[in-house]
Structure formats: structure tokens, C-alpha cells
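So the structure is just underneath, and the comments pick up after that.
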Amino acid sequence: MDLSNIDLSKFDGLAFIWLDIETITGTGVYDTLSSPDTWFVHKNPDVCEDFICSDLKNKQIFLITSGSLGHKIIKSIHHLPQLHSVYIYCQDIARHTPLASEFKKIRSVCNKTQSLISQLAIDVAHICVNIGDQHSRLNKHKQALVWYERAFEKIKQHNGLTKNEFVNALKSKINISTLECQRFQQHRQQLGEGMNEVKYQHELLRQLLDVPTPLSSTEKDDKHIAATIKKIDEWERKNIQQIKTVAERVRQQLQKQINEINKVNKVKHDFRLINDELRQRQSEDDYVEADLQQWLERLQQLKHQLETTTISDTSQIDVQITDDIDWSSMVKLVESDVSKTWVRTREISMVESL
């Protein structure tokens, strides 16, 4: 029997159909076999076919039919995926048995109620196990257990078998699914306890946050943070300006030294000019009293300029920069305890070290 997987996303349960011109009698045993599903009774094969095609697309169908009506309907519905098994219940077994060779979904051709019920019970049990296995592979052990127990119930009530390979395997599946359900229940209980702890902590935090104030805590916090950022910005601008002021003063001091050096260099240049002129005029004996007086005045001027100049060795001029400033200690955030009714909060403020 083909027990290929059923698409559980579309599966809508089992369906049982009785197709016979004669009225079915003694339905009690059939009802327990199909339970919790019900039987659909038809006398017209065309109406039955329409019903199967339109209303039972997502079912798995077990069809019991008389021999004469079976010949009329089986050929046209045998290909339908929702048709699971067919049982021909008739008086003339020899006449209808060849039909079973042609159509593999025909599970039995019989004329005894017990034989029919026994085979139907086995087939229903097999499909229940197949569905249970699919649920089990999806870790849906509770659903799997329902189908396994249904399979065992059908075998026990309507087939009488309690010990064979299939039944033993079924019992094992029931035991495994039962254990998995117990584990799942224990796990859900643990999750429930964890959820209670989460809800408890959630409520505690809600109470801490739900403190009535004239100004909402969020708005107040935003204003305080904005004020703190403003302090930091002001400290930054102030110290940047101080650094710029000091740097400019040092630059001016350096420029003053450069100017003094330039003055000395000019004195040296003018002195060389006078020196050259004196040598030339003396060697040519070409000078008078006025020349002597002019040279003396120029020399006195250069001497005065040299004496009034602060001369430094340029190779010794450098700038001393210290990296010992601990900027992290100059400005930092501090926390001060502030009482708010029954809840304690932290207020961030800024301490400057200038």
C-alpha cells in the first residue's frame, strides 16, 4: 500500500464513504471504526464522484462500494490523490476480483463483514501511523501521539491483533511520543516559570519608571543632558581660546627675537660698508675733516644700535612644549545621588579643572 507523505498543510482529516444501492445496516461497528470522522452514504455513483471531487479535495478517502457500482466509479476516480483505499463488498467475489488487479487502490474484495472491517482497520491504522510520523518529524509530538493512539485503537478494536511487528512498532512510537510530550510539558512549565520572572522584573521596572512628576522624566532628562553638553562645549571653547592666546604670545616673542637678529645683521652690513670705504679712502689718501666727522657719527650710530639690541644665539632659540597635561582630569563627568520620592536616580554633572 502506498503510504507516501501527506501534505499536512492541506490535510483535512479522513473521510469514509459507503456507495451502495442497498441501505447500510448495523452501522455501529463502522461508526467506531471511522471515529472521530463520520460516514457519507451515497447510492448514485455520479453524485458520489462529484462529491469526492468537489467537497473532499483535502481529505484521505476510504471508499466501500458494491461490486456493480464499483465498476462504474473506480475507473474515473482512481487517479485522484484524495482517494486512499477502495473496498469492494459484494456477493460474487470471483466476478469482481479482476478489478483489484487493475486498480492498486482496491485493498479488498470480500463478502464478509468481519473481513472487510479487519482490512479497513489495518489500513486506517497505517495511515494514522503515517500521519503521526510526519507530525513527529516536525517535533509535534502531541499531534503525533493522537494519531498513534487512534491507530492502536483501530487495530485493537477491529482487528484483534495486539502482538505483531507493526503493533510492537506502534506501541514503541506511542511510548516515545508520550515521553516527548512529558518533556515538552516540563519544558513549557519551565518556560512558564521563566515568563513569570520576566513579568515580575517587568513590573518592578514599570513601577520604577512610573513616578509621577510635574515634568516627565524623559523631558527633564533631555534638558539636563542638553545643559551638560552645553557646559562641555563652553569649556572646550574657553580652553581653545586660552591655547590660541598662549600660542600667539609665544609667536610674538619669537618674532621679536627674529627682529633683533635682523637689526644686528643690518649693523654688520653697514659696518662692512664703512670698513670698505675707509680702506679705500685711506689707501688713496683721499679724505678731509668732514669725511672723518661723518665716519665717526656713523660708527657711533652703529655702536648705539648694537648696544640697544638684545642679542641671542639663534641656535639656542627653541620652544618648550609640555605633554604632561592630564586632559581627562581637566573635565570629567561625576555622578551625584539625587533622591526622587522613593526611587534613587543618577544625575550627571560636570566638574572642570582649569
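For the C-alpha cells, the naming scheme is as follows: chains receive sequential letters (A, B, ...) according to their order of presentation, residues are indexed from 1 within each chain, and ligands are indexed from 1 in presentation order.
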> Which neighbours of Arg281 (chain A) fall inside 12 Å, counting only C-alpha atoms, when residues of the same chain fewer than 6 positions from it are skipped, and could you give them as number ranges by chain?
Replying inline: A: 274-275, 287-288, 291-292, 295
>> Could you list, as a list of chain:residue names, every residue within 8 Å of region 122-129 of chain A, counting only C-alpha atoms and ignoring same-chain residues fewer than 4 positions away?
In response: A:Leu3, A:Ser85, A:Ser118, A:Asp133, A:Trp147, A:Tyr148, A:Arg150, A:Ala151, A:Phe152, A:Lys154, A:Ile155, A:Asn159, A:Leu170
> Counting only C-alpha atoms, which of A:Cys181, A:Leu80, A:Val246, A:Ile229 gets nearest to Gln143 (chain A)?
Replying inline: A:Cys181
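Of the residues under consideration (A:Phe11, A:Glu219, A:Ile117, A:Lys112), A:Phe11 shows the shortest atom-to-atom contact distance to Gln82 (chain A) when counting only C-alpha atoms.
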> Can you tell me how far CA of Leu83 (chain A) sits from CA of Thr97 (chain A), in Å to one decimal?
Replying inline: 19.3 Å
Region 151-267 of chain A residues near region 300-309 of chain A within 12 Å, closest pair each, using only C-alpha atoms, as CSV:
residue,atom,partner,partner_atom,distance
A:Lys256,CA,A:Thr309,CA,10.8
A:Gln257,CA,A:Thr309,CA,9.8
A:Ile258,CA,A:Thr309,CA,11.4
A:Asn259,CA,A:Thr309,CA,9.6
A:Glu260,CA,A:Thr309,CA,6.1
A:Ile261,CA,A:Thr309,CA,8.3
A:Asn262,CA,A:Thr309,CA,10.0
A:Lys263,CA,A:Thr309,CA,7.4
A:Val264,CA,A:Leu306,CA,6.4
A:Asn265,CA,A:Leu306,CA,9.8
A:Lys266,CA,A:Leu302,CA,9.3
A:Val267,CA,A:Leu302,CA,5.9
> In terms of the shortest atom-to-atom distance over only C-alpha atoms, which of A:Ile61, A:Val86, A:Leu145, A:Cys48 is closest to Lys105 (chain A)?
Replying inline: A:Val86
> For the atom pair CA of Ile93 (chain A) and CA of Asn111 (chain A), what is the interatomic distance in Å to one decimal place?
Replying inline: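 Computing it gives 6.9 Å between the two atoms.
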> How many Å lie between CA of Ala15 (chain A) and CA of Pro98 (chain A), rounded to one decimal?
Replying inline: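 Calculated distance between CA of Ala15 (chain A) and CA of Pro98 (chain A) is 25.9 Å.
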